[in-house]
Every structure is written in structure tokens, then in C-alpha cells.
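One file, data31.txt, carrying compact mmCIF, C-alpha atoms:
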# COMPACT_ATOMS: atom_id res chain seq x y z
CA MET Y 1 -27.00 -55.28 -31.57
CA GLN Y 2 -30.16 -56.68 -30.06
CA LEU Y 3 -33.14 -54.36 -29.75
CA SER Y 4 -33.30 -54.97 -25.99
CA GLU Y 5 -29.70 -53.77 -25.57
CA TYR Y 6 -30.52 -50.44 -27.20
CA CYS Y 7 -33.67 -50.08 -25.16
CA ARG Y 8 -32.03 -50.89 -21.84
CA GLN Y 9 -29.40 -48.21 -22.42
CA ILE Y 10 -32.03 -45.60 -23.32
CA LEU Y 11 -34.30 -46.40 -20.39
CA LEU Y 12 -31.71 -47.29 -17.74
CA GLY Y 13 -28.90 -44.99 -18.81
CA PRO Y 14 -28.89 -41.81 -16.67
CA GLU Y 15 -27.54 -39.24 -19.12
CA ILE Y 16 -29.15 -37.31 -21.98
CA GLU Y 17 -26.72 -39.03 -24.35
CA ASP Y 18 -28.25 -42.38 -23.32
CA LYS Y 19 -31.77 -41.13 -24.03
CA LEU Y 20 -30.72 -39.98 -27.50
CA LEU Y 21 -29.02 -43.25 -28.49
CA GLU Y 22 -29.95 -44.08 -32.08
CA ILE Y 23 -31.51 -47.49 -32.63
CA LYS Y 24 -30.10 -48.89 -35.86
CA ASP Y 25 -29.11 -52.23 -37.37
CA PHE Y 26 -30.90 -54.08 -34.59
CA GLU Y 27 -32.01 -57.69 -34.27
CA PHE Y 28 -35.29 -59.03 -32.89
CA ALA Y 29 -33.78 -61.52 -30.47
CA GLN Y 30 -35.73 -63.64 -28.01
CA MET Y 31 -37.69 -61.56 -25.49
CA ASP Y 32 -35.76 -60.50 -22.42
CA LEU Y 33 -37.99 -62.09 -19.78
CA SER Y 34 -35.80 -60.74 -16.97
CA PHE Y 35 -36.85 -57.15 -17.70
CA GLU Y 36 -38.96 -55.48 -15.02
CA LEU Y 37 -40.37 -52.01 -15.51
CA PRO Y 38 -38.54 -49.65 -13.13
CA LYS Y 39 -40.46 -47.37 -10.80
CA LEU Y 40 -38.88 -44.45 -12.65
CA PRO Y 41 -36.59 -44.20 -15.67
CA ALA Y 42 -32.94 -43.73 -14.79
CA ARG Y 43 -32.03 -40.03 -14.71
CA SER Y 44 -28.91 -38.21 -13.51
CA GLU Y 45 -29.29 -35.78 -10.63
CA ARG Y 46 -29.72 -32.78 -12.91
CA ILE Y 47 -32.62 -34.23 -14.90
CA LYS Y 48 -34.24 -36.44 -12.29
CA ILE Y 49 -38.00 -36.49 -11.90
CA SER Y 50 -39.23 -34.25 -9.10
CA ASP Y 51 -42.06 -34.47 -6.59
CA LYS Y 52 -42.69 -30.75 -7.02
CA ASN Y 53 -45.94 -29.58 -8.57
CA VAL Y 54 -44.86 -28.40 -12.01
CA LYS Y 55 -47.21 -25.84 -13.53
CA PHE Y 56 -47.14 -24.88 -17.19
CA PRO Y 57 -47.04 -21.08 -17.69
CA LYS Y 58 -50.45 -19.72 -18.65
CA GLY Y 59 -49.25 -16.85 -20.77
CA ASN Y 60 -46.81 -13.97 -21.29
CA PHE Y 61 -44.69 -16.11 -23.60
CA HIS Y 62 -42.96 -12.98 -24.89
CA GLU Y 63 -41.08 -13.07 -21.57
CA ARG Y 64 -37.89 -15.13 -21.77
CA ASP Y 65 -38.54 -17.01 -18.52
CA LYS Y 66 -42.09 -17.99 -19.49
CA LEU Y 67 -40.97 -19.14 -22.94
CA ALA Y 68 -38.14 -21.16 -21.39
CA ARG Y 69 -40.52 -22.85 -18.96
CA ALA Y 70 -42.87 -23.76 -21.82
CA LEU Y 71 -40.02 -25.21 -23.91
CA HIS Y 72 -38.73 -27.08 -20.88
CA SER Y 73 -42.16 -28.64 -20.35
CA PHE Y 74 -42.42 -29.60 -24.02
CA ALA Y 75 -38.95 -31.19 -23.88
CA ASN Y 76 -39.86 -33.13 -20.75
CA HIS Y 77 -42.91 -34.58 -22.48
CA GLU Y 78 -40.68 -35.73 -25.34
CA LEU Y 79 -38.23 -37.34 -22.93
CA LEU Y 80 -41.02 -39.16 -21.11
CA ALA Y 81 -42.35 -40.36 -24.46
CA ILE Y 82 -38.88 -41.68 -25.37
CA GLU Y 83 -38.75 -43.62 -22.13
CA MET Y 84 -42.29 -44.97 -22.47
CA MET Y 85 -41.74 -46.05 -26.07
CA THR Y 86 -38.53 -47.79 -25.08
CA SER Y 87 -40.42 -49.57 -22.29
CA ALA Y 88 -43.04 -50.74 -24.77
CA LEU Y 89 -40.31 -52.24 -26.94
CA LEU Y 90 -38.97 -54.12 -23.92
CA LEU Y 91 -42.31 -55.22 -22.46
CA TYR Y 92 -44.38 -56.47 -25.38
CA PRO Y 93 -43.78 -59.62 -27.44
CA HIS Y 94 -42.59 -59.69 -31.04
CA ASP Y 95 -43.28 -63.31 -31.88
CA THR Y 96 -45.27 -62.55 -35.05
CA ASP Y 97 -44.49 -60.51 -38.15
CA GLU Y 98 -47.33 -58.14 -37.27
CA LEU Y 99 -45.93 -57.44 -33.80
CA LYS Y 100 -42.47 -56.88 -35.28
CA LYS Y 101 -43.99 -54.39 -37.70
CA PHE Y 102 -45.78 -52.71 -34.78
CA LYS Y 103 -42.48 -52.37 -32.94
CA ARG Y 104 -40.80 -50.90 -36.02
CA GLY Y 105 -43.56 -48.30 -35.99
CA VAL Y 106 -42.83 -47.55 -32.33
CA ILE Y 107 -39.12 -47.21 -33.14
CA ALA Y 108 -39.92 -44.71 -35.91
CA SER Y 109 -42.00 -42.69 -33.43
CA LEU Y 110 -39.24 -42.89 -30.81
CA LYS Y 111 -36.72 -41.46 -33.28
CA ASP Y 112 -39.08 -38.56 -33.92
CA GLU Y 113 -39.38 -37.92 -30.19
CA GLN Y 114 -35.59 -37.85 -29.89
CA LYS Y 115 -35.53 -35.29 -32.70
CA HIS Y 116 -38.22 -33.17 -31.03
CA PHE Y 117 -36.37 -33.27 -27.71
CA LYS Y 118 -33.18 -32.03 -29.33
CA LEU Y 119 -35.03 -29.22 -31.11
CA TYR Y 120 -36.68 -28.00 -27.92
CA VAL Y 121 -33.41 -28.16 -25.96
CA GLU Y 122 -31.49 -26.32 -28.68
CA ARG Y 123 -34.10 -23.54 -28.57
CA LEU Y 124 -33.92 -23.55 -24.77
CA ASN Y 125 -30.14 -23.17 -25.00
CA GLU Y 126 -30.53 -20.20 -27.34
CA LEU Y 127 -32.45 -18.47 -24.56
CA GLY Y 128 -29.65 -19.13 -22.08
CA TYR Y 129 -31.24 -22.09 -20.27
CA GLU Y 130 -30.38 -25.77 -19.90
CA PHE Y 131 -32.63 -28.80 -19.69
CA GLY Y 132 -32.94 -29.48 -15.97
CA ASP Y 133 -33.13 -25.82 -14.95
CA PHE Y 134 -36.75 -26.37 -13.89
CA ALA Y 135 -38.49 -29.23 -12.10
CA LEU Y 136 -39.56 -32.23 -14.19
CA ASN Y 137 -42.79 -34.15 -13.65
CA ASP Y 138 -43.64 -37.79 -14.31
CA PHE Y 139 -47.38 -37.80 -15.12
CA PHE Y 140 -47.05 -39.64 -18.45
CA TRP Y 141 -44.69 -42.21 -16.98
CA ASN Y 142 -47.13 -42.98 -14.15
CA GLN Y 143 -49.41 -44.62 -16.71
CA MET Y 144 -46.79 -47.04 -18.05
CA SER Y 145 -47.18 -49.71 -15.36
CA LYS Y 146 -50.89 -49.98 -16.22
CA LEU Y 147 -50.28 -50.74 -19.90
CA LYS Y 148 -50.20 -54.53 -20.04
CA THR Y 149 -50.86 -54.96 -23.77
CA PRO Y 150 -49.92 -53.21 -27.02
CA SER Y 151 -53.56 -52.15 -27.36
CA GLN Y 152 -53.52 -50.41 -23.98
CA TYR Y 153 -50.20 -48.78 -24.84
CA LEU Y 154 -51.52 -47.40 -28.14
CA ALA Y 155 -54.79 -46.25 -26.57
CA VAL Y 156 -52.84 -44.19 -24.03
CA MET Y 157 -49.77 -43.08 -25.95
CA SER Y 158 -51.06 -42.65 -29.51
CA LEU Y 159 -54.78 -41.97 -29.17
CA THR Y 160 -54.67 -40.01 -25.90
CA PHE Y 161 -51.39 -38.23 -25.14
CA GLU Y 162 -50.23 -37.79 -28.72
CA ALA Y 163 -53.74 -37.06 -29.95
CA ALA Y 164 -53.96 -34.25 -27.37
CA ASN Y 165 -50.67 -32.94 -28.70
CA LEU Y 166 -52.30 -32.51 -32.10
CA ASP Y 167 -54.39 -29.78 -30.50
CA PHE Y 168 -51.64 -28.36 -28.31
CA ALA Y 169 -48.97 -28.26 -31.01
CA HIS Y 170 -51.43 -26.66 -33.44
CA PHE Y 171 -52.47 -24.09 -30.83
CA TYR Y 172 -48.96 -23.14 -29.73
CA GLN Y 173 -47.58 -23.13 -33.25
CA HIS Y 174 -50.04 -20.38 -34.17
CA LEU Y 175 -49.64 -18.60 -30.83
CA PHE Y 176 -45.86 -18.29 -31.18
CA LYS Y 177 -46.25 -17.32 -34.83
CA GLU Y 178 -48.51 -14.43 -33.75
CA LEU Y 179 -45.91 -13.43 -31.16
CA GLY Y 180 -43.28 -13.23 -33.87
CA ASP Y 181 -41.32 -16.21 -32.49
CA ASP Y 182 -40.87 -18.05 -35.77
CA LYS Y 183 -38.16 -20.35 -34.38
CA THR Y 184 -40.44 -21.86 -31.75
CA ALA Y 185 -43.40 -21.93 -34.15
CA ASP Y 186 -41.34 -23.85 -36.72
CA ILE Y 187 -40.40 -26.47 -34.12
CA LEU Y 188 -44.05 -26.96 -33.19
CA LYS Y 189 -44.94 -27.37 -36.88
CA ILE Y 190 -42.39 -30.21 -37.14
CA VAL Y 191 -43.80 -31.78 -33.97
CA LEU Y 192 -47.37 -31.50 -35.25
CA ASP Y 193 -46.56 -33.12 -38.59
CA ASP Y 194 -44.78 -36.02 -36.88
CA GLU Y 195 -47.49 -36.48 -34.27
CA ILE Y 196 -50.02 -37.06 -37.04
CA SER Y 197 -48.08 -40.17 -38.09
CA HIS Y 198 -47.73 -41.31 -34.46
CA VAL Y 199 -51.47 -41.09 -33.89
CA ALA Y 200 -52.04 -42.87 -37.21
CA LEU Y 201 -49.89 -45.75 -35.94
CA GLY Y 202 -52.28 -46.21 -33.03
CA VAL Y 203 -55.36 -45.93 -35.23
CA THR Y 204 -53.98 -48.48 -37.68
CA TYR Y 205 -53.22 -51.18 -35.11
CA LEU Y 206 -56.25 -50.66 -32.89
CA ASN Y 207 -58.36 -51.04 -36.03
CA LYS Y 208 -56.53 -54.32 -36.74
CA TRP Y 209 -57.02 -55.64 -33.22
CA LYS Y 210 -60.54 -54.44 -32.39
CA GLN Y 211 -62.20 -57.38 -34.18
CA ASP Y 212 -65.91 -56.59 -34.64
CA LYS Y 213 -65.98 -53.62 -32.25
CA ARG Y 214 -66.11 -49.95 -33.16
CA LEU Y 215 -62.80 -48.17 -32.78
CA TRP Y 216 -64.33 -45.75 -30.26
CA ASP Y 217 -65.55 -48.59 -28.06
CA TYR Y 218 -62.29 -50.53 -28.27
CA TYR Y 219 -60.30 -47.40 -27.48
CA ASN Y 220 -62.38 -46.71 -24.35
CA GLU Y 221 -62.10 -50.34 -23.22
CA SER Y 222 -58.33 -50.13 -23.58
CA LEU Y 223 -57.91 -46.96 -21.49
CA PRO Y 224 -56.81 -47.74 -17.92
CA PHE Y 225 -58.70 -46.07 -15.08
CA PRO Y 226 -58.83 -43.16 -14.37
CA LEU Y 227 -57.87 -41.91 -17.84
CA THR Y 228 -60.74 -40.86 -20.09
CA PRO Y 229 -60.94 -39.50 -23.64
CA ALA Y 230 -60.97 -35.99 -22.16
CA ARG Y 231 -57.18 -36.31 -21.90
CA ALA Y 232 -57.02 -36.77 -25.66
CA LYS Y 233 -57.81 -33.21 -26.62
CA GLY Y 234 -56.91 -29.61 -25.90
CA LYS Y 235 -59.04 -26.52 -25.54
CA HIS Y 236 -59.33 -26.11 -29.31
CA PHE Y 237 -60.33 -29.38 -30.95
CA ILE Y 238 -58.73 -29.63 -34.42
CA GLU Y 239 -60.70 -32.03 -36.58
CA HIS Y 240 -58.72 -31.89 -39.83
CA VAL Y 241 -55.45 -33.07 -38.27
CA ARG Y 242 -57.26 -36.05 -36.75
CA ALA Y 243 -58.61 -36.94 -40.17
CA LYS Y 244 -55.02 -36.86 -41.46
CA ALA Y 245 -54.18 -39.29 -38.64
CA LYS Y 246 -56.69 -41.78 -40.11
CA MET Y 247 -59.38 -41.35 -37.46
CA ASP Y 248 -62.81 -42.05 -38.93
CA SER Y 249 -65.56 -39.46 -38.79
CA LEU Y 250 -67.51 -41.31 -36.05
CA PHE Y 251 -64.43 -41.50 -33.80
CA ILE Y 252 -63.70 -37.80 -34.36
CA GLU Y 253 -67.28 -36.84 -33.59
CA LYS Y 254 -67.39 -38.97 -30.42
CA MET Y 255 -64.12 -37.45 -29.25
CA LYS Y 256 -65.22 -33.92 -30.04
CA ASN Y 257 -68.41 -34.27 -28.02
CA TYR Y 258 -66.94 -36.22 -25.12
CA ASP Y 259 -67.14 -34.28 -21.86
CA ASP Y 260 -66.32 -35.32 -18.32
CA HIS Y 261 -65.53 -31.79 -17.10
CA PHE Y 262 -61.76 -32.27 -17.28
CA ALA Y 263 -60.21 -28.96 -16.22
CA ILE Y 264 -57.67 -28.48 -19.03
CA THR Y 265 -60.40 -28.37 -21.65
CA LYS Y 266 -62.44 -26.00 -19.47
CA ARG Y 267 -60.02 -23.08 -19.25
CA LYS Y 268 -61.82 -19.80 -19.83
CA GLU Y 269 -58.87 -18.39 -21.71
CA TRP Y 270 -55.27 -19.12 -22.58
CA LYS Y 271 -53.52 -15.79 -22.28
CA GLN Y 272 -50.83 -14.91 -24.77

Same coordinates, now as C-alpha cells:
Amino acid sequence: MQLSEYCRQILLGPEIEDKLLEIKDFEFAQMDLSFELPKLPARSERIKISDKNVKFPKGNFHERDKLARALHSFANHELLAIEMMTSALLLYPHDTDELKKFKRGVIASLKDEQKHFKLYVERLNELGYEFGDFALNDFFWNQMSKLKTPSQYLAVMSLTFEAANLDFAHFYQHLFKELGDDKTADILKIVLDDEISHVALGVTYLNKWKQDKRLWDYYNESLPFPLTPARAKGKHFIEHVRAKAKMDSLFIEKMKNYDDHFAITKRKEWKQ
């Protein structure tokens, strides 16, 4: 099966089963030049993206409803990542061995996201909820149309959204562990370990493509307006996981000290 056939079904198929289609035994055929990025990924009525303002619960995760809303939000982020990664596979060329290797890396990340989505939904089901019980936002997807090159894609997906998840997954893993919710904590540990490799994919290729520039400078040049590096971290900046993701010490230091007064990193407290 051609890679584009898999990707079209994942992105344009409306059901969860489409989103979880396994890419295997694929061929790198000629690019599908007829593909145009849709305004939104195809979703059935139950899981369609909503215009409602979706707020993540700020605490009280010992309450079933608050925990379910958090898991639902986590699962939505994974689904959006699946759809964005599939779009990258459809949009960008693979006319060199290096670009084919880059796409294989994206496919490996996509498979991890499918695994994470299933883990979150299974935990959600244990609580008596279904994916689609709460409104679903599209913030991550809104960036996709701006990502015209693999470098821009990696700057946003790997070094911004997934880099931020290094902090968030680490934070929530320990939070749920302290609450005695080992099941949710174990899922977040799996997510954290996988995200390290996803961020490393971005670091590896941006380092290849930056030529004589510093990684920090090339990363900033590749971020589409209005995104800034502030989106790439949580309230608690975890340096050692970034080092595991192959970020150099200068990049980590620049990221740590970057400040544009982004609200998420300015919360006074995250209540448990």
C-alpha cells in the first residue's frame, strides 16, 4: 500500500478506527500533488472539533469528572498530533534518502501517538466516560497550514508542542502518583519516555538542516508567527529530560530563560 493511501484514510476518515489505522508495509510512491490540506481533519459527529472554549481543569483531580476531563484533553492532543503527523507525511517531499528517513521517523512518532491515544481512552472508559463526552478544541491543528517546510513542522511539533509535553507529562505523572492514581501516572510515564524520542527527532534534523546557524536561532526562525518558544515549556522546566532529547546545553539554557509573559508559564499555582 502506498504511504499516501494510509495517510489519507487516517486524516480524512471520520471514525476513531480510521485514526488508529496502522501504517505498515508501505511504499514511497510519487508524491500525491493533488492533496490539499483540509480546513479541519475529518471527524464523525461525536468527535468533531468544537468552537466552544475548552478549559483544562485546574485541580481536584481526585474527583472523577475532573480526572476524566484531563484525560479527555490529553487524548485530544494525541489525536491532533496523529492528524498533524499524517498531514506532514502527505505534504512534504520524499525525493531523497534523508527525507525518506525523516518520514520514517515521523511514522514512528505517529505510531506512538496512536498508542498514547488508546491508553488515555482506555483509562477514560474505566472511569465510565467515552471520548467525545466533552468538547474538543483544534489549537494544535490551527498551526498546520502555516508549516510549509519540514523544518517549520519540526520546530512546531517536536521542539514546541512535544517539548512542552516533556514538562507537562513529567508534572502530571508525579501529581497523579502523589494522588495515588498509579494507572494514570503509569500512562504519563510511557508518554514522557516516548516524547523524549519525538523531540530528539526534531533536534536531529534541525541540526542537519541549520547549516552554519545555531540551533536556537534556526528554531526561532522556523517558528511561524505568533508562536514563540514560551509555548515549548510548562510551569516547571525539566532540564534533564531535554538533555535526553539531545538538546545542547546552550539551547536548554536559552529556552529556560526565555520569557514573553505567556500565561500558562505564569500560573501562580497548579492545584492538586

Handout entry: Shell around stretch 207-216 of chain Y at 9 Å using all atoms listed in the file, local window under 4 positions removed, as a count of residues only
Key = 12

Padded axis-aligned box of stretch 192-204 of chain Y (4 Å per side), centre and edge lengths, Å, one decimal, as lines of an AutoDock Vina configuration file:
center_x = -50.1
center_y = -40.0
center_z = -35.8
size_x = 18.6
size_y = 25.0
size_z = 13.6

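Note that the spacing between atom CA of Y:Leu110 and atom CA of Y:Ala200 amounts to 14.3 Å.
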
Problem - d(atom CA of Y:Asp167, atom CA of Y:Asp18) in Å - result: 29.9 Å

Problem - Y:Leu40 environment, 12 Å, only C-alpha atoms, sequence neighbours closer than 5 positions dropped, as a PyMOL selection string - result: chain Y and resi 11-14+48-50+80+83-84+87+137-145

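Separating atom CA of Y:Lys148 from atom CA of Y:Lys24 is a distance of 26.2 Å.
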
Problem - Residue contacts of Y:Met157 (9 Å, all atoms listed in the file) excluding same-chain residues fewer than 5 positions away, as a PyMOL selection string - result: chain Y and resi 81+84-85+140+152+162-163+198-199+202
